[in-house]
Each structure stands twice: as structure tokens, then as C-alpha cells.
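What follows is coords.cif (mmCIF, C-alpha atoms).
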data_structure
#
loop_
_atom_site.label_atom_id
_atom_site.label_comp_id
_atom_site.auth_asym_id
_atom_site.auth_seq_id
_atom_site.Cartn_x
_atom_site.Cartn_y
_atom_site.Cartn_z
CA MET A 198 48.13 32.01 55.98
CA THR A 199 46.30 35.28 55.51
CA SER A 200 43.98 36.04 58.40
CA VAL A 201 40.72 37.96 58.10
CA ALA A 202 42.40 40.93 59.74
CA GLN A 203 45.31 40.76 57.31
CA ALA A 204 42.93 40.50 54.38
CA SER A 205 41.05 43.53 55.64
CA LEU A 206 44.29 45.43 56.08
CA GLY A 207 45.19 44.62 52.49
CA ARG A 208 41.81 45.98 51.44
CA ARG A 209 42.02 49.18 53.46
CA THR A 210 45.49 50.03 52.18
CA LEU A 211 44.32 49.37 48.65
CA SER A 212 45.36 52.64 47.04
CA GLY A 213 49.03 51.87 47.51
CA ALA A 214 48.65 48.15 46.86
CA VAL A 215 46.80 48.69 43.60
CA ALA A 216 49.27 51.33 42.47
CA VAL A 217 52.18 48.94 42.98
CA SER A 218 50.31 45.92 41.59
CA ALA A 219 49.13 47.87 38.57
CA LEU A 220 52.71 48.80 37.74
CA VAL A 221 53.68 45.17 37.95
CA LEU A 222 50.64 43.93 36.09
CA LEU A 223 50.36 46.50 33.35
CA CYS A 224 53.70 47.98 32.49
CA GLY A 225 53.58 51.51 31.20
CA CYS A 226 49.90 52.15 32.03
CA GLU A 227 48.76 55.57 33.14
CA SER A 228 46.33 55.98 36.00
CA LEU A 229 42.69 55.51 35.20
CA ARG A 230 41.88 59.12 35.97
CA THR A 231 44.24 60.39 33.30
CA GLY A 232 43.92 57.52 30.86
CA ALA A 233 40.18 56.93 30.80
CA ASN A 234 38.90 55.91 27.40
CA PRO A 235 36.04 58.13 26.15
CA GLU A 236 34.36 55.02 24.78
CA VAL A 237 33.54 53.80 28.25
CA PRO A 238 32.01 50.36 28.87
CA LEU A 239 28.95 49.75 31.01
CA TRP A 240 31.42 49.75 33.88
CA VAL A 241 32.17 53.36 34.91
CA HIS A 242 35.90 53.90 35.43
CA HIS A 243 37.05 54.64 38.96
CA PRO A 244 40.52 53.87 40.24
CA SER A 245 39.80 52.27 43.63
CA TRP A 246 37.20 51.18 46.17
CA ALA A 247 35.39 49.25 43.47
CA MET A 248 35.96 45.91 45.23
CA ASP A 249 34.76 45.45 48.78
CA LEU A 250 35.73 42.41 50.86
CA GLN A 251 32.59 40.99 52.44
CA TYR A 252 34.23 38.10 54.29
CA SER A 253 37.04 35.56 54.19
CA ARG A 254 36.92 32.10 55.71
CA ASN A 255 39.49 29.34 56.00
CA VAL A 256 38.04 26.31 54.21
CA VAL A 257 41.10 24.20 53.30
CA ALA A 258 42.56 21.70 55.76
CA ARG A 259 46.32 22.40 55.67
CA THR A 260 47.19 18.98 57.09
CA ARG A 261 45.57 17.28 54.08
CA ARG A 262 46.99 19.47 51.30
CA GLU A 263 49.10 17.86 48.57
CA GLY A 264 51.48 19.13 45.94
CA GLU A 265 52.37 22.77 45.33
CA PRO A 266 50.66 25.41 47.51
CA TYR A 267 48.15 26.49 44.87
CA GLU A 268 44.37 26.29 44.60
CA ARG A 269 43.19 26.02 41.00
CA GLY A 270 39.94 25.39 39.14
CA GLN A 271 37.00 27.74 39.69
CA PRO A 272 34.02 27.88 42.07
CA GLU A 273 30.58 26.85 40.79
CA LEU A 274 27.49 28.80 41.85
CA ASP A 275 23.98 27.65 42.73
CA ILE A 276 22.22 30.99 42.38
CA ARG A 277 18.79 29.97 43.65
CA GLY A 278 20.14 27.98 46.59
CA ARG A 279 22.82 30.57 47.37
CA ARG A 280 25.53 27.94 47.54
CA VAL A 281 29.08 27.80 46.22
CA PHE A 282 30.81 24.54 45.30
CA VAL A 283 34.59 24.52 45.18
CA GLY A 284 37.37 21.94 45.12
CA SER A 285 40.67 22.10 46.98
CA SER A 286 44.13 20.60 47.29
CA ASP A 287 43.10 18.81 50.51
CA HIS A 288 41.21 16.17 48.44
CA GLY A 289 37.82 17.72 49.13
CA LEU A 290 34.87 19.23 47.34
CA TYR A 291 33.16 21.82 49.55
CA ALA A 292 29.63 23.18 49.57
CA LEU A 293 29.69 26.66 51.11
CA ARG A 294 26.99 29.16 51.99
CA ALA A 295 27.39 32.12 49.63
CA GLY A 296 26.34 34.69 52.22
CA ASP A 297 29.11 34.03 54.74
CA GLY A 298 31.30 31.17 53.45
CA HIS A 299 30.08 28.72 56.09
CA ALA A 300 30.80 25.09 55.12
CA LEU A 301 27.65 23.02 54.55
CA TRP A 302 29.38 19.75 53.73
CA ARG A 303 32.63 18.30 52.38
CA PHE A 304 33.13 15.29 50.10
CA GLU A 305 36.44 13.42 50.31
CA THR A 306 38.21 12.02 47.22
CA LEU A 307 41.48 10.12 46.78
CA GLY A 308 43.23 13.04 45.07
CA PHE A 309 43.21 16.80 45.12
CA VAL A 310 40.27 18.49 43.44
CA GLN A 311 41.39 21.22 41.03
CA CYS A 312 38.37 20.89 38.73
CA GLU A 313 35.61 23.46 38.30
CA PRO A 314 32.46 21.62 39.44
CA LEU A 315 29.21 21.61 37.47
CA TYR A 316 25.91 22.14 39.29
CA ASP A 317 22.71 20.73 37.79
CA PRO A 318 19.65 22.46 39.34
CA GLU A 319 17.23 19.99 37.74
CA GLN A 320 18.55 17.06 39.78
CA ASP A 321 20.19 19.20 42.51
CA VAL A 322 23.50 17.40 42.02
CA VAL A 323 27.12 18.38 41.47
CA TYR A 324 29.49 16.79 38.95
CA PHE A 325 33.23 17.20 39.39
CA GLY A 326 36.55 15.53 38.69
CA SER A 327 39.55 14.71 40.86
CA ASN A 328 43.23 14.01 40.33
CA ASP A 329 42.47 10.47 41.45
CA GLY A 330 41.21 9.92 37.89
CA ALA A 331 37.52 9.76 38.75
CA LEU A 332 34.47 11.80 37.85
CA TYR A 333 31.94 12.14 40.67
CA LYS A 334 28.23 12.84 40.95
CA VAL A 335 27.09 13.87 44.44
CA SER A 336 23.94 15.26 46.01
CA ALA A 337 24.15 19.05 46.27
CA ALA A 338 22.02 18.98 49.42
CA THR A 339 24.01 16.43 51.41
CA GLY A 340 27.24 15.63 49.56
CA GLN A 341 26.23 11.97 49.36
CA LEU A 342 27.77 10.01 46.48
CA VAL A 343 25.42 9.13 43.60
CA TRP A 344 27.97 7.51 41.31
CA ARG A 345 31.71 7.46 40.58
CA PHE A 346 33.16 6.95 37.11
CA PHE A 347 36.85 6.07 36.80
CA SER A 348 38.38 7.75 33.72
CA ASN A 349 41.96 6.51 34.18
CA ALA A 350 43.51 10.02 34.34
CA GLU A 351 43.20 13.34 36.15
CA VAL A 352 39.96 15.25 35.50
CA ALA A 353 40.62 18.98 35.94
CA ARG A 354 38.35 20.66 33.38
CA ARG A 355 34.67 21.49 33.90
CA PRO A 356 32.27 18.85 32.55
CA VAL A 357 29.46 19.90 30.22
CA LEU A 358 25.89 18.63 30.61
CA SER A 359 23.70 18.60 27.52
CA ARG A 360 20.43 16.69 26.95
CA GLY A 361 21.09 14.20 29.70
CA VAL A 362 24.66 13.48 28.62
CA LEU A 363 27.77 14.53 30.52
CA TYR A 364 30.80 15.35 28.37
CA VAL A 365 34.23 15.32 29.98
CA VAL A 366 37.89 15.31 28.93
CA ASN A 367 40.73 13.93 31.05
CA ALA A 368 44.48 14.60 31.11
CA ASN A 369 45.15 11.49 29.01
CA ASP A 370 43.67 13.12 25.89
CA THR A 371 40.43 11.16 26.18
CA ALA A 372 37.03 12.72 25.48
CA MET A 373 34.04 10.87 26.92
CA ALA A 374 30.25 11.00 26.84
CA ILE A 375 28.60 9.62 30.00
CA GLU A 376 24.93 9.05 30.72
CA ALA A 377 24.27 11.61 33.46
CA ARG A 378 21.71 9.64 35.47
CA SER A 379 23.50 6.30 35.56
CA GLY A 380 27.18 7.15 35.07
CA LYS A 381 27.36 4.69 32.16
CA LEU A 382 29.91 5.37 29.40
CA MET A 383 28.26 6.04 26.03
CA TRP A 384 31.36 6.68 23.92
CA SER A 385 34.98 7.75 24.24
CA ARG A 386 37.62 9.07 21.84
CA HIS A 387 41.34 9.03 22.58
CA ARG A 388 44.31 10.60 20.83
CA ALA A 389 47.85 9.44 21.55
CA PRO A 390 49.69 12.21 23.42
CA ALA A 391 52.45 13.98 21.53
CA MET A 392 56.01 12.77 21.86
CA GLY A 393 58.22 15.05 23.94
CA MET A 394 57.42 17.93 26.24
CA GLU A 395 53.90 19.04 27.17
CA THR A 396 52.70 22.09 29.05
CA ALA A 397 50.58 21.74 32.17
CA GLY A 398 46.83 21.72 31.61
CA TYR A 399 44.60 20.59 28.79
CA SER A 400 41.44 21.52 26.90
CA GLY A 401 37.92 21.00 28.15
CA PRO A 402 34.97 20.21 25.84
CA LEU A 403 32.79 22.71 23.98
CA VAL A 404 29.36 21.21 23.18
CA TRP A 405 27.65 23.25 20.47
CA ARG A 406 25.48 22.69 17.39
CA GLY A 407 25.41 18.92 17.88
CA LYS A 408 29.19 18.59 18.11
CA VAL A 409 31.84 18.25 20.81
CA TYR A 410 34.94 20.34 20.10
CA VAL A 411 38.16 19.39 21.92
CA GLY A 412 41.83 20.39 21.72
CA PHE A 413 44.59 17.82 22.29
CA SER A 414 48.20 17.81 23.43
CA ASP A 415 49.43 16.69 19.99
CA GLY A 416 48.37 20.07 18.56
CA ASN A 417 45.10 18.93 16.99
CA VAL A 418 41.54 20.19 17.38
CA ALA A 419 38.75 17.68 16.74
CA ALA A 420 34.97 17.83 16.36
CA PHE A 421 32.94 14.77 17.33
CA ASP A 422 29.26 13.97 16.90
CA ALA A 423 27.68 14.62 20.30
CA ARG A 424 25.48 11.47 20.10
CA THR A 425 27.85 8.93 18.59
CA GLY A 426 31.39 10.28 19.00
CA ASP A 427 32.01 9.98 15.25
CA ASP A 428 34.35 12.48 13.59
CA ARG A 429 32.50 15.47 12.19
CA TRP A 430 35.56 17.01 10.54
CA PRO A 431 39.15 15.85 9.93
CA ALA A 432 41.29 16.79 12.94
CA VAL A 433 42.84 20.24 12.43
CA ASP A 434 46.59 20.21 13.09
CA LEU A 435 47.46 23.61 14.57
CA ALA A 436 51.03 22.47 15.21
CA ALA A 437 51.61 22.03 11.49
CA GLU A 438 51.14 25.76 10.92
CA ALA A 439 53.51 26.50 13.80
CA GLU A 440 56.11 24.17 12.29
CA GLU A 441 55.80 25.97 8.96
CA LEU A 442 56.24 29.37 10.64
CA LEU A 443 59.20 28.26 12.78
CA GLY A 444 60.88 26.07 10.20
CA GLU A 445 61.13 23.22 12.72
CA LEU A 446 58.92 21.12 14.96
CA PRO A 447 58.08 23.24 18.03
CA GLN A 448 58.92 21.99 21.51
CA TYR A 449 55.32 22.32 22.74
CA LEU A 450 52.37 21.33 20.56
CA ASP A 451 49.55 21.58 23.09
CA VAL A 452 46.09 22.96 22.48
CA ASP A 453 45.22 23.50 26.14
CA THR A 454 42.46 26.09 25.79
CA THR A 455 38.84 25.01 25.86
CA PRO A 456 37.32 26.04 22.48
CA VAL A 457 34.92 28.99 22.53
CA ALA A 458 31.83 29.36 20.33
CA GLY A 459 31.33 32.55 18.30
CA SER A 460 30.70 33.96 14.85
CA VAL A 461 32.52 35.93 12.17
CA ASP A 462 30.24 37.82 9.77
CA ALA A 463 27.33 35.68 11.02
CA GLN A 464 29.29 32.50 10.19
CA PRO A 465 29.53 30.07 13.16
CA VAL A 466 33.15 29.67 14.25
CA VAL A 467 35.09 28.05 17.07
CA PHE A 468 37.91 30.07 18.63
CA VAL A 469 40.87 27.92 19.63
CA GLY A 470 44.30 28.61 21.05
CA SER A 471 47.57 26.71 20.67
CA TYR A 472 50.62 27.23 22.88
CA VAL A 473 52.90 27.84 19.88
CA SER A 474 50.68 28.70 16.93
CA GLY A 475 48.51 31.41 18.52
CA VAL A 476 44.76 31.93 18.29
CA GLN A 477 42.54 30.88 15.40
CA ALA A 478 38.91 31.09 14.36
CA LEU A 479 37.86 27.81 12.73
CA ASP A 480 34.73 27.26 10.66
CA ALA A 481 32.38 25.38 13.00
CA GLU A 482 31.21 23.03 10.22
CA THR A 483 34.43 22.25 8.34
CA GLY A 484 37.34 23.20 10.59
CA GLY A 485 38.73 25.55 7.95
CA THR A 486 40.71 28.57 9.14
CA VAL A 487 38.71 31.82 9.09
CA TRP A 488 41.48 33.93 10.66
CA HIS A 489 44.75 33.30 12.48
CA ASN A 490 46.82 35.46 14.82
CA PRO A 491 50.14 33.64 15.43
CA ALA A 492 51.50 36.38 17.71
CA VAL A 493 49.44 35.26 20.72
CA ALA A 494 51.99 32.69 21.89
CA GLY A 495 51.59 30.70 25.09
CA VAL A 496 47.80 30.98 25.22
CA THR A 497 46.18 29.00 28.05
CA GLU A 498 42.64 30.43 28.36
CA LEU A 499 40.13 32.15 26.07
CA THR A 500 37.14 34.22 27.17
CA LEU A 501 34.53 35.89 24.97
CA TRP A 502 33.55 39.32 26.34
CA ARG A 503 30.39 41.02 25.06
CA GLN A 504 28.96 44.45 25.77
CA PRO A 505 25.50 45.43 24.53
CA ALA A 506 24.77 48.79 22.95
CA HIS A 507 24.37 51.49 25.61
CA GLY A 508 24.42 55.22 26.20
CA SER A 509 27.85 56.84 26.46
CA ALA A 510 26.70 58.93 29.45
CA PRO A 511 23.42 59.55 31.31
CA HIS A 512 21.04 61.77 29.30
CA SER A 513 23.64 62.20 26.53
CA GLY A 514 21.40 60.88 23.78
CA THR A 515 24.43 59.12 22.28
CA THR A 516 24.37 55.34 21.95
CA LEU A 517 27.53 53.29 21.63
CA PRO A 518 27.29 50.13 19.52
CA ALA A 519 27.58 46.61 20.89
CA ARG A 520 31.12 45.32 21.26
CA GLU A 521 32.71 41.91 21.36
CA LEU A 522 36.30 40.97 22.20
CA LEU A 523 38.14 37.67 22.55
CA ILE A 524 40.33 37.85 25.66
CA ALA A 525 43.36 35.54 25.68
CA ALA A 526 45.38 34.80 28.81
CA THR A 527 48.85 33.48 28.07
CA GLY A 528 51.78 32.19 30.05
CA THR A 529 54.41 34.14 28.13
CA THR A 530 53.19 37.07 26.01
CA GLY A 531 50.65 38.83 28.23
CA LEU A 532 46.91 39.40 28.41
CA TRP A 533 45.43 40.09 24.96
CA ALA A 534 42.18 41.43 23.57
CA LEU A 535 41.47 40.44 19.95
CA ASP A 536 38.84 41.63 17.50
CA THR A 537 36.58 38.60 17.05
CA GLN A 538 35.92 39.41 13.39
CA THR A 539 39.53 39.75 12.27
CA GLY A 540 41.77 38.40 15.03
CA HIS A 541 43.65 41.70 15.14
CA GLU A 542 45.10 42.91 18.42
CA VAL A 543 42.99 45.54 20.20
CA TRP A 544 45.26 45.79 23.26
CA ARG A 545 47.89 43.81 25.12
CA ARG A 546 49.17 44.08 28.68
CA SER A 547 52.17 42.54 30.39
CA LEU A 548 51.65 39.88 33.05
CA PRO A 549 52.81 39.88 36.66
CA ARG A 550 55.29 37.25 37.75
CA GLY A 551 53.48 33.93 37.98
CA GLY A 552 50.77 34.79 35.45
CA VAL A 553 47.01 35.17 35.68
CA SER A 554 43.88 33.03 35.59
CA ALA A 555 41.20 32.93 32.94
CA PRO A 556 39.45 36.33 32.77
CA VAL A 557 35.85 36.27 34.04
CA PRO A 558 33.29 38.88 32.86
CA VAL A 559 31.58 40.70 35.73
CA ALA A 560 29.60 43.95 35.79
CA GLY A 561 31.04 45.03 32.44
CA ALA A 562 34.61 44.46 33.63
CA LEU A 563 36.95 41.44 33.73
CA ALA A 564 37.99 39.75 36.97
CA ILE A 565 41.32 37.92 37.04
CA SER A 566 43.41 36.22 39.69
CA ALA A 567 47.17 36.82 39.79
CA SER A 568 48.97 33.85 41.32
CA GLN A 569 51.39 35.95 43.37
CA LEU A 570 49.21 39.01 44.02
CA GLY A 571 45.46 38.55 44.42
CA VAL A 572 42.27 39.39 42.51
CA PHE A 573 41.89 42.35 40.14
CA LEU A 574 39.27 44.07 38.04
CA VAL A 575 40.50 44.98 34.56
CA SER A 576 38.83 47.13 31.92
CA PRO A 577 38.04 45.08 28.78
CA ILE A 578 38.20 48.27 26.72
CA ASP A 579 41.90 48.96 27.26
CA GLY A 580 43.21 46.41 29.75
CA GLN A 581 43.87 48.88 32.54
CA VAL A 582 43.46 47.94 36.19
CA ILE A 583 40.28 49.26 37.83
CA ASP A 584 40.82 47.89 41.33
CA GLY A 585 42.28 44.95 43.21
CA ILE A 586 42.49 43.08 46.50
CA HIS A 587 45.93 41.93 47.53
CA MET A 588 46.14 38.43 49.06
CA GLN A 589 49.18 37.40 51.04
CA ASP A 590 49.53 34.06 49.23
CA GLY A 591 48.13 35.22 45.88
CA ALA A 592 45.35 33.46 43.98
CA SER A 593 45.64 30.99 41.09
CA MET A 594 41.97 29.97 41.01
CA ALA A 595 39.78 31.76 38.48
CA PRO A 596 37.05 33.70 40.32
CA ALA A 597 33.36 32.95 39.85
CA ALA A 598 30.96 35.85 39.34
CA PHE A 599 27.28 36.58 39.49
CA GLY A 600 25.80 40.06 39.42
CA ARG A 601 28.19 42.12 41.53
CA ARG A 602 29.56 39.23 43.60
CA LEU A 603 32.89 37.45 43.21
CA PHE A 604 34.01 34.24 44.91
CA VAL A 605 37.51 32.77 44.95
CA VAL A 606 39.85 30.63 47.08
CA SER A 607 43.34 32.01 47.63
CA ASN A 608 46.48 29.89 47.46
CA GLY A 609 46.53 30.07 51.25
CA GLY A 610 43.17 28.28 51.45
CA LEU A 611 40.97 31.28 52.31
CA PHE A 612 37.55 31.53 50.67
CA PHE A 613 36.74 35.15 49.76
CA GLY A 614 33.36 36.72 49.14
CA ILE A 615 33.80 40.06 47.33
CA HIS A 616 31.22 42.67 46.40
CA ILE A 617 31.71 45.05 43.47
CA LEU A 618 30.36 48.44 44.41
CA ALA A 619 28.25 50.54 42.08
CA PRO A 620 29.94 53.80 41.00
CA THR A 621 27.69 55.91 43.27
CA ASP A 622 28.54 53.68 46.24
CA THR A 623 32.21 53.90 45.35
CA LYS A 624 32.15 57.70 45.47
CA ARG A 625 30.38 57.64 48.80
CA ARG A 626 32.91 55.19 50.28
CA SER A 627 35.93 57.17 49.03
CA GLY A 628 34.48 60.48 50.26
CA SER A 629 34.30 62.12 46.83
#
Write-out of the structure in C-alpha cells:
Amino acid sequence: MTSVAQASLGRRTLSGAVAVSALVLLCGCESLRTGANPEVPLWVHHPSWAMDLQYSRNVVARTRREGEPYERGQPELDIRGRRVFVGSSDHGLYALRAGDGHALWRFETLGFVQCEPLYDPEQDVVYFGSNDGALYKVSAATGQLVWRFFSNAEVARRPVLSRGVLYVVNANDTAMAIEARSGKLMWSRHRAPAMGMETAGYSGPLVWRGKVYVGFSDGNVAAFDARTGDDRWPAVDLAAEAEELLGELPQYLDVDTTPVAGSVDAQPVVFVGSYVSGVQALDAETGGTVWHNPAVAGVTELTLWRQPAHGSAPHSGTTLPARELLIAATGTTGLWALDTQTGHEVWRRSLPRGGVSAPVPVAGALAISASQLGVFLVSPIDGQVIDGIHMQDGASMAPAAFGRRLFVVSNGGLFFGIHILAPTDTKRRSGS
């Protein structure tokens, strides 16, 4: 397990670590000093010392860990209360103090917790799922159980709370609406899993414009009425297009990415990703295809990155327009940035061995975890590495971000609090 001293050593020898990791992560990239894009984002390019380790704390009980030595999911933040909620492979959900990682309480389940929790500030409660098949509601102050709902299959995706209703999807291709206060089931919709092989993971719910959008392992994307669970469009079979392209039924049909809301030419769309058929923009009302990029094979996570209009440099008088990119993390073809209006590739970068987590927007950059390396900042403009912190056991969990702070649990069970330095602070730290 990585100790605090080892983590600090990895941070202090960052120049070499990032250089090596960047070569692994982004094959063929030049250094940021020589390859800086003139159309800079709000983030100012600098090649190192952008990420500063504030602390690391061991929060996972090794004797209670199950399965492979990975920590997945994503931390959830209570900004006002300065708390972090995170699950682990030792069957627990932890409440941690954001300032120093000190454990406030731990809730025990019957399975490992690889689900991103959901914090509700109105009731001061946390909702989360476990591999024991249950969805839990606990007090955020004490960790005391409020209710437990058994869903009959692993719950690993983040629930969504909307108008007093909790929407959740489990690994058995079942979408459910649950009354948040009582834990009573309001409706559920199930699709029979596809015959044959399936990839690990599954889609979470997108609740938007009165509908619940969900992808399923049989290759379909469905839209349900948020109140009743009734179909709001005929299920869209993404696998059918893949079969037409390949000339045969593909081995994997899964739509494992949680749909993402957006627009194309002011038309509401839902961005979806299929393991074999690529990324599509679907009309939010009808499910019709607006655009399709079949090249993005193996997609597992989608993230919408936005940058507002801003000055290209201080006192330059030049304003760069707002930008929007759809970032796709895949298990096979790399990290992609797509034009949201057309689906065309903007850039693509190779992946390190073991792959990366969902990209998380932070301070104008993207934070990603590499399962065999650590946590990195990547430029959304061109995909180049800005900085990174090497972790001895790597990190599979997607980081959580607020302002200039990042939080993540490494595969070794260490909870990291990371600060992203402002460019002026970075220069001062590096002596430039």
C-alpha cells in the first residue's frame, strides 16, 4: 500500500513521472511547452506542478476487502458541510472530512460499495447502492439507516433525485422509481438481458424534460415517463445499426454509458454510447438519430465539457467564443473529443494499459484516473497531459471535483485530497 511518504515522493519527482506517464498515456504527444494550442482554454497551460497533494489517508479496511483490488465509483461532495461520501470494496460507505480525510462515520453493507453516492442537502441524507443488491438511505450526520430497498441486483450507478422521486438502475437491466421519503417502489421497467457475452458495467439513468433515459445490455436505449414509467418513445436499437455495419450480430451489444443531455442546433438531444456502434445524438422527443459516429468503439463513459466565452490573454481585447465538446472514454479505442453539433472527431489520444475513468471537468481542464498509474489533468482542447500524480497502486475511481479541489480513492485504499494550483502559484512553486 502506498504510504503518505511514498505518495509525497511520487509528487515531488513528478517531472519524470509525468514525462513517462504522458508517453504511455498519449502516444506521440509533444511537450506542452512546445505544443501549446494558441486557442487556450480558461486553464493556462503549464507542464507540471499544477496538482498539489494536500493529504492522503488510509480509509479502506484491507481485511474486509472483496474481489479484485480496485476501488470504483466516485466520491460525492457535500460542499456546505465540507464532507465527502465514498464507497469501498470493504463493504462500507464512508463519510470523510474534506479538509483532512478524517473518517466521521462508516456504514456497513453486505456487499462491496462501488456506487457513486448521492447527497441530498434538503434532508441531509445520502443515497447509495451496494453489490448486495440493495439501495440505502442513511443520515449524512450519523450514518444511521433510514430505509433499505432490495432491488434484486447490484446497484453501481449513481441514483438521481428529482421532485421527491429517486430513480435508479440495477445490473439486471431494471429501471426503478422509488419514493425518496418512504423507500416505496412507484414503478419499475425491466428488459431481458441480451443473450451471450456482456461487458462489465451498465447505464445509469438520465432524468430530463419529464423523461427517464436509460441504456440496456441488449443494445437498446429507452425513454420512460418520469411519473408513470410508460414508454415515451419506441426503444432505439443501437445494436441493429452495428449489425448492419458489421454484417453480423456483434459479440457485445451493451449500452453501458449513462445518457447525457445536450442540444444540436438548439434541438434537445440525448448523447448515448454503445460498445460496438459508437456514439450517437438522439432526438430527445422521438429517439431519432441526429448524428452518429461509429468509430468510437468500446465507449464506457460520456462527459459533456463546456467552456464559456473568454479573453484569449489578459488585456488582449480578443474574446474566444464558447466551446462545447463531448468527451468519450473507451476501453479499446482511446480517449475522444467529439464536436457536439456534428459528432466529428476533434482529437483522440491513446490509453494507458488498464484504461481510464470517466473524465471530470475541473478548473477548465479534465481530471481522469488511470487504473495502473494515478490521477492526471488533461487539456480538453487537445487531449495533452497537463500534470499528474503517480499512485503506487493506480486509481480506477473517477475523481470528484469542486473549485480547485479533487478527491479520489486509489486502488490501494488511500483517500487523496488534491489541490489544483493557480498558474501564478504554479510558477512560484516551480521557481520560474
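Straight-line separation from CA of Leu274 (chain A) to CA of Gln311 (chain A): 15.9 Å.
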Residue nearest Val452 (chain A) among A:Leu570, A:Val433, A:Val466, A:Ser400 (counting all atoms listed in the file):
A:Ser400
Between A:Ser336, A:Thr527, A:Ser547, A:Asn255, which residue has the minimum interatomic distance to Asp297 (chain A), considering all atoms listed in the file?
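Among the listed residues, A:Asn255 lies closest to Asp297 (chain A).
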Selected by the PyMOL selection byres ((chain A and resi 308) around 7) in the shown coordinates: which residues, as a list in words?
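For this structure, the PyMOL selection byres ((chain A and resi 308) around 7) resolves to His288, Thr306, Leu307, Phe309, Val310, Ser327, Asn328 and Asp329 of chain A.
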With a distance cut-off of 10 Å and all atoms listed in the file, select the neighbouring residues of Asn369 (chain A), excluding the residue or stretch itself and same-chain residues fewer than 4 positions from it, and output the selection as a tab-separated table (two decimals) with C-alpha atoms, in the frame of the given file.
chain	number	residue	atom	x	y	z
A	330	GLY	CA	41.21	9.92	37.89
A	348	SER	CA	38.38	7.75	33.72
A	349	ASN	CA	41.96	6.51	34.18
A	350	ALA	CA	43.51	10.02	34.34
A	351	GLU	CA	43.20	13.34	36.15
A	352	VAL	CA	39.96	15.25	35.50
A	387	HIS	CA	41.34	9.03	22.58
A	388	ARG	CA	44.31	10.60	20.83
A	389	ALA	CA	47.85	9.44	21.55
A	390	PRO	CA	49.69	12.21	23.42
A	399	TYR	CA	44.60	20.59	28.79
A	413	PHE	CA	44.59	17.82	22.29
A	414	SER	CA	48.20	17.81	23.43
Written as a list of chain:residue names, which residues does the PyMOL selection byres ((chain A and resi 378-383) around 9) give for the file shown?
A:Tyr333, A:Lys334, A:Val343, A:Trp344, A:Arg345, A:Phe346, A:Gly361, A:Val362, A:Leu363, A:Met373, A:Ala374, A:Ile375, A:Glu376, A:Ala377, A:Trp384, A:Ser385, A:Arg424, A:Thr425, A:Gly426
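For the file at hand, the PyMOL selection byres ((chain A and resi 321) around 12) resolves to Asp275, Ile276, Arg277, Gly278, Arg280, Leu315, Tyr316, Asp317, Pro318, Glu319, Gln320, Val322, Val323, Tyr324, Lys334, Val335, Ser336, Ala337, Ala338, Thr339, Gly340, Gln341, Val343 and Arg378 of chain A.
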If we count all atoms listed in the file, what is near Gly600 (chain A) at a cut-off of 10 Å, once residues fewer than 5 positions away on the same chain are taken out, given as a list in words?
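Residues near the query, excluding close chain neighbours: Val559, Ala560, His616 and Ile617 of chain A.
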Across A:Phe325, A:Tyr291, A:Tyr364, A:Phe573, the smallest distance to Met588 (chain A), with all atoms listed in the file counted, is shown by A:Phe573
Please compute the CA of Leu293 (chain A)-CA of Val572 (chain A) distance, one decimal, in Å.
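Taking CA of Leu293 (chain A) as the start and CA of Val572 (chain A) as the end point, the length is 19.9 Å.
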Separation of CA of Trp502 (chain A) from CA of Leu523 (chain A), in Å and rounded to one decimal
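These two atoms are separated by 6.2 Å.
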Nearest to Gln589 (chain A) among A:Asp480, A:Gly571, A:Glu542, A:Arg429, with distances taken over all atoms listed in the file: which residue is it?
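Result for the nearest residue to Gln589 (chain A): A:Gly571.
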Tell me, as a list in words, which residues lie within 9 Å of Ile565 (chain A), counting all atoms listed in the file; anything in the same chain fewer than 5 positions away does not count.
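Here the qualifying residues turn out to be Val553, Ser554, Ala555, Pro556, Val557, Gly571, Val572, Phe573, Leu574, Val575, Met594, Ala595 and Pro596 of chain A.
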For the point (31.4, 28.2, 18.9) in file coordinates, what residues are within 8 Å, counting all atoms listed in the file? Give the answer as a PyMOL selection string?
chain A and resi 403+405+456-460+465-468+481
Shortest contact to Gly270 (chain A), candidates A:Gly412, A:Gly580, A:Pro314, A:Gly470, atoms counted only C-alpha atoms, goes to A:Pro314
Taking (48.3, 34.9, 46.5) in the coordinates of the supplied file, I want to know which residues reach to within 9 Å of it, counting all atoms listed in the file; could you give the answer as a list of chain:residue names?
A:Tyr267, A:Ser566, A:Ala567, A:Ser568, A:Gln569, A:Leu570, A:Gly571, A:Val572, A:His587, A:Met588, A:Gln589, A:Asp590, A:Gly591, A:Ala592, A:Ser593, A:Ser607, A:Asn608, A:Gly609
Got a moment to write region 310-322 of chain A out with N, CA and C atoms, as an mmCIF file, in the first residue's frame?
data_model
loop_
_atom_site.group_PDB
_atom_site.id
_atom_site.type_symbol
_atom_site.label_atom_id
_atom_site.label_comp_id
_atom_site.auth_asym_id
_atom_site.auth_seq_id
_atom_site.Cartn_x
_atom_site.Cartn_y
_atom_site.Cartn_z
ATOM 1 N N VAL A 310 -19.191 -1.671 -1.971
ATOM 2 C CA VAL A 310 -19.900 -0.465 -2.405
ATOM 3 C C VAL A 310 -19.062 0.221 -3.482
ATOM 4 N N GLN A 311 -19.446 0.033 -4.733
ATOM 5 C CA GLN A 311 -18.730 0.627 -5.860
ATOM 6 C C GLN A 311 -19.618 1.627 -6.582
ATOM 7 N N CYS A 312 -20.609 2.156 -5.866
ATOM 8 C CA CYS A 312 -21.582 3.093 -6.415
ATOM 9 C C CYS A 312 -21.215 4.515 -6.011
ATOM 10 N N GLU A 313 -21.404 5.470 -6.929
ATOM 11 C CA GLU A 313 -21.273 6.867 -6.545
ATOM 12 C C GLU A 313 -22.489 7.244 -5.711
ATOM 13 N N PRO A 314 -22.292 7.688 -4.466
ATOM 14 C CA PRO A 314 -23.431 8.068 -3.631
ATOM 15 C C PRO A 314 -24.092 9.350 -4.160
ATOM 16 N N LEU A 315 -25.266 9.629 -3.621
ATOM 17 C CA LEU A 315 -25.994 10.861 -3.923
ATOM 18 C C LEU A 315 -26.336 11.540 -2.610
ATOM 19 N N TYR A 316 -25.872 12.772 -2.441
ATOM 20 C CA TYR A 316 -26.170 13.528 -1.222
ATOM 21 C C TYR A 316 -27.329 14.478 -1.479
ATOM 22 N N ASP A 317 -28.314 14.464 -0.573
ATOM 23 C CA ASP A 317 -29.453 15.371 -0.644
ATOM 24 C C ASP A 317 -29.357 16.370 0.505
ATOM 25 N N PRO A 318 -28.988 17.636 0.215
ATOM 26 C CA PRO A 318 -28.825 18.618 1.303
ATOM 27 C C PRO A 318 -30.139 18.990 1.974
ATOM 28 N N GLU A 319 -31.260 18.835 1.273
ATOM 29 C CA GLU A 319 -32.548 19.217 1.859
ATOM 30 C C GLU A 319 -32.889 18.356 3.068
ATOM 31 N N GLN A 320 -32.649 17.043 2.940
ATOM 32 C CA GLN A 320 -32.922 16.136 4.060
ATOM 33 C C GLN A 320 -31.655 15.769 4.834
ATOM 34 N N ASP A 321 -30.489 16.178 4.317
ATOM 35 C CA ASP A 321 -29.197 15.805 4.898
ATOM 36 C C ASP A 321 -29.076 14.284 4.993
ATOM 37 N N VAL A 322 -29.292 13.639 3.840
ATOM 38 C CA VAL A 322 -29.197 12.183 3.758
ATOM 39 C C VAL A 322 -28.349 11.805 2.549
#
